[in-house]
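Below: one structure, written as structure tokens.
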Amino acid sequence: MSAPNGVSRVTSFPWFWAVLERSYALRNSVLGNLKFQRLASAFPLTRWVAQRRARDVFDLCAGFVYSQILFACVKLDVFEKLRAGPQSLPHFAAMLALPVEAARRLLDAAVALKLVDKLSGDRYGLGPHGAVIVGNPGIIKMVEHHAMLYADLADPVALLRGERKSTALIDYWAYARAKQPREASDDQIAQYTSLMSASQTLIAEEIIAAYPMGGHRRVLDIGGGDGTFLRAVGVRFPNLQLTLFDLPAVAARAQLQFEAQGQSHRATTIGGDFFRDPLPRGHDLISLVRIIHDHDDEPVRVLFSNVRQALSAGGRLIIAEPMSQSGTSETVGDAYFGFYLMAMGSGRPRTPAVIMAMLQTEGFVNIRQVKTRMPLQTGLIIADVR
Ligand SMILES: C[S@@+](CC[C@H](N)C(=O)[O-])C[C@H]1O[C@@H](n2cnc3c(N)ncnc32)[C@H](O)[C@@H]1O
């Protein structure tokens with residue numbers, strides 16, 4: 001058993017772990033005791049803790065309902081329609097093509113989730129969460145594509161037991177289980193490539209803020225999608241030469257984007273399979289942005305080895321993606337990505353320590369973690385080649 005908070009067992013202090021585990025068991029039996037719960041909520045000094053715990057547990061039970069309220073708002077374009085300003089209920093119900101009482105039900109639920117604000121005169125306006133969402137097309141697209149995830153998770157135990165051979169997300173991410181990912185057609189990659197592009201902007205800003213790239217000359221972004229990340233890098237560091245490697249159909253889309261944005265003179269796109277094809281050489285920086293969590297350990301090992309071959313002495317690799325933070329209350333790694341990737345049929349979230357150990361095995365040196373402002377969006381690891 002691993003120790004609480006993800007601390008690995010220190011065998012030289014067995015008495016310490018024995019005491020800790022006993023107090024752990026005691027805590028759980030106290031928290032589960034109905035009499036204790038009643039006392040804690042009656043006593044003024046512990047009431048707020050009891051209320052918060054009850055609320056957290058209720059939120060766990062109700063999370064799917066909250067997500068469906070958000071989904072309904074996105075599907076009906078509620079946030080975009082409130083962008084111009086508050087609307088009266090009858091008028092807004094007509095805009096949403098809903099009966100007035102159904103609109104009230106949806107909007108009151110959205111008020112409870114801080115997506116919408118209720119204003120005087122039976123009017124509704126954007127709430128604080130709605131205001132964040134309306135300014136971020138990536139969140140809208142993510143919510144829309146979650147319809148597939150929720151369908152795939154309808155029986156999570158069947159997924160855990162490996163009883164589901166096909167899921168909507170396996171089809172959506174055409175490379176996830178493909179025998180020949182290189183052959184994916186434009187139709188098969190179009191949707192995920194546009195989702196990745198829409199959700200990339202904030203991530204690129206995080207990466208650039210945590211790791212300025214001005215000291216490099218040539219950067220190769222592997223699995224670079226339609227080039228949204230590289231274009232953000234290119235704007236910030238005008239002297240960098242940019243190369244993108246992705247599946248042929250994705251790289252073709254990136255090429256069109258570079259041309260449309262007048263950056264093709266400094267950007268090269270290459271189509272291929274990063275597990276099987278040689279990676280282009282001559283770059284002093286290689287990036288893997290939201291790549292390795294999609295793949296199981298052995299393919300990731302092969303990819304690291306290929307990257308290692310492609311970098312000369314003095315070259316550097318950066319890995320950016322949301323990482324598992326075992327022992328913290330961050331839900332994005334182990335909870336969200338853990339189950340998302342299971343539905344996708346490939347990959348797993350990894351802690352920074354696991355990624356760093358894999359890099360070390362493949363011969364990288366000077367491996368370190370760089371803090372980002374929003375680990376929820378991305379963590380960052382850097383490794384060098386000697
Ligand atoms: C999750 S997306 C990330 C895209 C981009 N890096 C970003 O963060 O927006 C994974 C990318 O890896 C590419 N990819 C997956 N398997 C690949 C393979 N075997 N060879 C080349 N590219 C691959 C996909 O086409 C996709 O563009």
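In the structure tokens, the first chain shown is A, the next is B, and so on; residue numbers restart at 1 for each chain, and ligands run from 1 in the order shown.
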Q: Could you give me, as a ChimeraX atom specification, every polymer residue with an atom at most 9 Å away from an atom of ligand 1, counting only C-alpha atoms and all ligand atoms?
A: /A:173-176,178,180-182,184,189,192-201,203-204,221-229,245-251,271-277,287-295,320-321
Restricted to C-alpha atoms, what would the selected residues look like written as a PDB file, in the first residue's frame?
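Ended up saving to selection.pdb:
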```pdb
ATOM      1  CA  TRP A 173      -9.066  10.052 -32.156  1.00  0.00           C
ATOM      2  CA  ALA A 174      -8.247   8.222 -35.383  1.00  0.00           C
ATOM      3  CA  TYR A 175      -4.663   7.435 -34.302  1.00  0.00           C
ATOM      4  CA  ALA A 176      -5.556   6.001 -30.894  1.00  0.00           C
ATOM      5  CA  ALA A 178      -4.913   2.612 -35.614  1.00  0.00           C
ATOM      6  CA  GLN A 180      -1.511   2.452 -39.779  1.00  0.00           C
ATOM      7  CA  PRO A 181      -2.097   5.960 -38.339  1.00  0.00           C
ATOM      8  CA  ARG A 182      -0.219   7.431 -41.304  1.00  0.00           C
ATOM      9  CA  ALA A 184      -5.757   8.549 -41.577  1.00  0.00           C
ATOM     10  CA  ILE A 189      -8.507  13.997 -38.429  1.00  0.00           C
ATOM     11  CA  TYR A 192      -9.909  16.478 -33.425  1.00  0.00           C
ATOM     12  CA  THR A 193      -7.478  18.816 -35.168  1.00  0.00           C
ATOM     13  CA  SER A 194      -9.926  21.681 -34.905  1.00  0.00           C
ATOM     14  CA  LEU A 195     -10.644  20.851 -31.220  1.00  0.00           C
ATOM     15  CA  MET A 196      -6.898  20.837 -30.493  1.00  0.00           C
ATOM     16  CA  SER A 197      -6.409  24.139 -32.269  1.00  0.00           C
ATOM     17  CA  ALA A 198      -9.269  25.821 -30.395  1.00  0.00           C
ATOM     18  CA  SER A 199      -7.944  24.657 -27.017  1.00  0.00           C
ATOM     19  CA  GLN A 200      -4.266  25.386 -27.758  1.00  0.00           C
ATOM     20  CA  THR A 201      -4.078  29.164 -27.362  1.00  0.00           C
ATOM     21  CA  ILE A 203      -1.667  26.337 -23.384  1.00  0.00           C
ATOM     22  CA  ALA A 204       0.818  27.967 -25.733  1.00  0.00           C
ATOM     23  CA  ASP A 221       7.022  20.462 -32.753  1.00  0.00           C
ATOM     24  CA  ILE A 222       6.201  16.759 -32.940  1.00  0.00           C
ATOM     25  CA  GLY A 223       2.489  15.965 -33.204  1.00  0.00           C
ATOM     26  CA  GLY A 224       2.041  19.685 -33.764  1.00  0.00           C
ATOM     27  CA  GLY A 225      -1.550  19.520 -35.068  1.00  0.00           C
ATOM     28  CA  ASP A 226      -2.471  22.361 -37.418  1.00  0.00           C
ATOM     29  CA  GLY A 227       0.431  24.473 -36.134  1.00  0.00           C
ATOM     30  CA  THR A 228      -1.466  26.652 -33.645  1.00  0.00           C
ATOM     31  CA  PHE A 229       1.268  26.181 -31.019  1.00  0.00           C
ATOM     32  CA  PHE A 245       5.780  16.890 -37.758  1.00  0.00           C
ATOM     33  CA  ASP A 246       2.399  15.144 -37.680  1.00  0.00           C
ATOM     34  CA  LEU A 247       0.372  12.558 -39.565  1.00  0.00           C
ATOM     35  CA  PRO A 248       0.302  13.434 -43.292  1.00  0.00           C
ATOM     36  CA  ALA A 249      -3.330  14.636 -43.331  1.00  0.00           C
ATOM     37  CA  VAL A 250      -2.729  16.822 -40.245  1.00  0.00           C
ATOM     38  CA  ALA A 251       0.567  18.208 -41.567  1.00  0.00           C
ATOM     39  CA  GLY A 271       3.985  14.231 -42.629  1.00  0.00           C
ATOM     40  CA  GLY A 272       4.805  10.878 -41.063  1.00  0.00           C
ATOM     41  CA  ASP A 273       4.394   8.480 -38.160  1.00  0.00           C
ATOM     42  CA  PHE A 274       6.495   9.511 -35.167  1.00  0.00           C
ATOM     43  CA  PHE A 275       6.827   5.918 -34.012  1.00  0.00           C
ATOM     44  CA  ARG A 276       8.022   4.462 -37.325  1.00  0.00           C
ATOM     45  CA  ASP A 277       9.511   7.230 -39.449  1.00  0.00           C
ATOM     46  CA  SER A 287       8.539  19.933 -28.259  1.00  0.00           C
ATOM     47  CA  LEU A 288       5.928  17.306 -27.420  1.00  0.00           C
ATOM     48  CA  VAL A 289       2.761  19.180 -26.505  1.00  0.00           C
ATOM     49  CA  ARG A 290      -0.170  17.045 -25.293  1.00  0.00           C
ATOM     50  CA  ILE A 291       1.337  13.976 -26.959  1.00  0.00           C
ATOM     51  CA  ILE A 292       2.638  11.373 -24.577  1.00  0.00           C
ATOM     52  CA  HIS A 293      -0.444  10.995 -22.341  1.00  0.00           C
ATOM     53  CA  ASP A 294      -2.222   9.624 -25.455  1.00  0.00           C
ATOM     54  CA  HIS A 295       0.076   6.606 -25.661  1.00  0.00           C
ATOM     55  CA  ALA A 320       4.047  19.944 -21.989  1.00  0.00           C
ATOM     56  CA  GLU A 321       0.746  18.368 -20.993  1.00  0.00           C
TER      57      GLU A 321
END
```
Per-residue nearest contacts of region 13-120 of chain A to region 144-167 of chain A (10 Å; only C-alpha atoms) as a tab-separated table:
```
residue	atom	partner	partner_atom	distance
A:Phe64	CA	A:Tyr150	CA	8.6
A:Ser67	CA	A:His146	CA	9.2
A:Gln68	CA	A:Ala147	CA	9.1
A:Leu70	CA	A:Glu144	CA	9.7
A:Phe71	CA	A:Glu144	CA	6.9
A:Ala72	CA	A:Glu144	CA	9.6
A:Val74	CA	A:Glu144	CA	7.3
A:Lys75	CA	A:Glu144	CA	7.4
```
Store the residues picked out above, limited to N, CA and C atoms, as a PDB file, in the first residue's frame.
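again.pdb was written with the following content:
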```
ATOM      1  N   PHE A  64     -22.588  14.751 -12.893  1.00  0.00           N
ATOM      2  CA  PHE A  64     -23.091  14.490 -14.245  1.00  0.00           C
ATOM      3  C   PHE A  64     -24.225  15.451 -14.589  1.00  0.00           C
ATOM      4  N   SER A  67     -22.847  18.785 -15.454  1.00  0.00           N
ATOM      5  CA  SER A  67     -22.241  18.775 -16.795  1.00  0.00           C
ATOM      6  C   SER A  67     -23.312  18.844 -17.875  1.00  0.00           C
ATOM      7  N   GLN A  68     -24.453  18.191 -17.630  1.00  0.00           N
ATOM      8  CA  GLN A  68     -25.513  18.213 -18.641  1.00  0.00           C
ATOM      9  C   GLN A  68     -26.184  19.583 -18.704  1.00  0.00           C
ATOM     10  N   LEU A  70     -24.549  22.384 -18.237  1.00  0.00           N
ATOM     11  CA  LEU A  70     -23.573  23.129 -19.043  1.00  0.00           C
ATOM     12  C   LEU A  70     -23.717  22.751 -20.527  1.00  0.00           C
ATOM     13  N   PHE A  71     -23.887  21.453 -20.778  1.00  0.00           N
ATOM     14  CA  PHE A  71     -24.017  20.985 -22.160  1.00  0.00           C
ATOM     15  C   PHE A  71     -25.247  21.624 -22.832  1.00  0.00           C
ATOM     16  N   ALA A  72     -26.369  21.670 -22.085  1.00  0.00           N
ATOM     17  CA  ALA A  72     -27.589  22.283 -22.648  1.00  0.00           C
ATOM     18  C   ALA A  72     -27.336  23.756 -22.960  1.00  0.00           C
ATOM     19  N   VAL A  74     -24.508  25.154 -23.718  1.00  0.00           N
ATOM     20  CA  VAL A  74     -23.629  25.258 -24.892  1.00  0.00           C
ATOM     21  C   VAL A  74     -24.415  24.935 -26.161  1.00  0.00           C
ATOM     22  N   LYS A  75     -25.222  23.859 -26.084  1.00  0.00           N
ATOM     23  CA  LYS A  75     -25.979  23.448 -27.267  1.00  0.00           C
ATOM     24  C   LYS A  75     -26.958  24.538 -27.709  1.00  0.00           C
TER      25      LYS A  75
END
```
May I have the residues within 6 Å of region 127-132 of chain A as a compact mmCIF listing (two decimals) with C-alpha atoms, in the first residue's frame, using only C-alpha atoms and disregarding those fewer than 4 positions away in the same chain?
```txt
# COMPACT_ATOMS: atom_id res chain seq x y z
CA LYS A 114 -22.54 30.53 -11.69
CA LEU A 115 -22.87 30.17 -15.45
CA VAL A 116 -25.63 32.80 -15.56
CA ASP A 117 -26.63 35.66 -13.23
```
Q: Between CA of Arg301 (chain A) and CA of Thr361 (chain A), measure the distance and give it in Å to one decimal.
A: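 That distance, rounded to one decimal, is 8.7 Å.
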Q) Got a sec: who's within 10 Å of Arg348 (chain A), counting only C-alpha atoms, leaving out chain neighbours fewer than 2 positions off, as a PyMOL selection string? A) chain A and resi 292-297+323-324+333-334+337-342+344-346+350-351
Writing out the chosen residues with C-alpha atoms as an mmCIF file, in the first residue's frame:
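Contents of result.cif, as written:
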```
data_model
loop_
_atom_site.group_PDB
_atom_site.id
_atom_site.type_symbol
_atom_site.label_atom_id
_atom_site.label_comp_id
_atom_site.auth_asym_id
_atom_site.auth_seq_id
_atom_site.Cartn_x
_atom_site.Cartn_y
_atom_site.Cartn_z
ATOM 1 C CA ILE A 292 2.638 11.373 -24.577
ATOM 2 C CA HIS A 293 -0.444 10.995 -22.341
ATOM 3 C CA ASP A 294 -2.222 9.624 -25.455
ATOM 4 C CA HIS A 295 0.076 6.606 -25.661
ATOM 5 C CA ASP A 296 0.978 3.535 -23.643
ATOM 6 C CA ASP A 297 4.404 3.140 -22.072
ATOM 7 C CA MET A 323 0.170 15.702 -15.579
ATOM 8 C CA SER A 324 -1.066 13.535 -12.804
ATOM 9 C CA GLY A 333 -4.850 14.185 -14.133
ATOM 10 C CA ASP A 334 -5.939 10.980 -12.485
ATOM 11 C CA PHE A 337 -7.622 12.150 -18.005
ATOM 12 C CA GLY A 338 -7.475 8.761 -16.318
ATOM 13 C CA PHE A 339 -11.001 7.947 -17.456
ATOM 14 C CA TYR A 340 -10.905 9.960 -20.685
ATOM 15 C CA LEU A 341 -7.869 8.045 -21.935
ATOM 16 C CA MET A 342 -9.390 4.760 -20.845
ATOM 17 C CA MET A 344 -10.043 6.514 -25.840
ATOM 18 C CA GLY A 345 -8.405 3.102 -25.517
ATOM 19 C CA SER A 346 -4.824 4.343 -25.328
ATOM 20 C CA ARG A 350 1.641 10.250 -15.741
ATOM 21 C CA THR A 351 3.194 12.044 -12.812
#
```
**Q.** Distance of CA of Gln191 (chain A) from CA of Gly138 (chain A), expressed in Å to one decimal place
**A.**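 For CA of Gly138 (chain A) relative to CA of Gln191 (chain A), the distance reads 12.6 Å.
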Q: Can you list, as a PyMOL selection string, all residues belonging to region 199-369 of chain A that DSSP tags as alpha helix (DSSP H)?
A: chain A and resi 201-210+228-236+248-260+297-310+338-344+352-361
Q. A:Pro322, A:Gly347, A:Gly32, A:Pro280: which is nearest Glu298 (chain A), counting only C-alpha atoms?
A.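 Selected residue with least distance to Glu298 (chain A): A:Gly347.
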Q: Rank nothing, just name the residue among A:Met374, A:Val100, A:Ala383, A:Ile355 nearest to Val332 (chain A), using only C-alpha atoms.
A: A:Met374
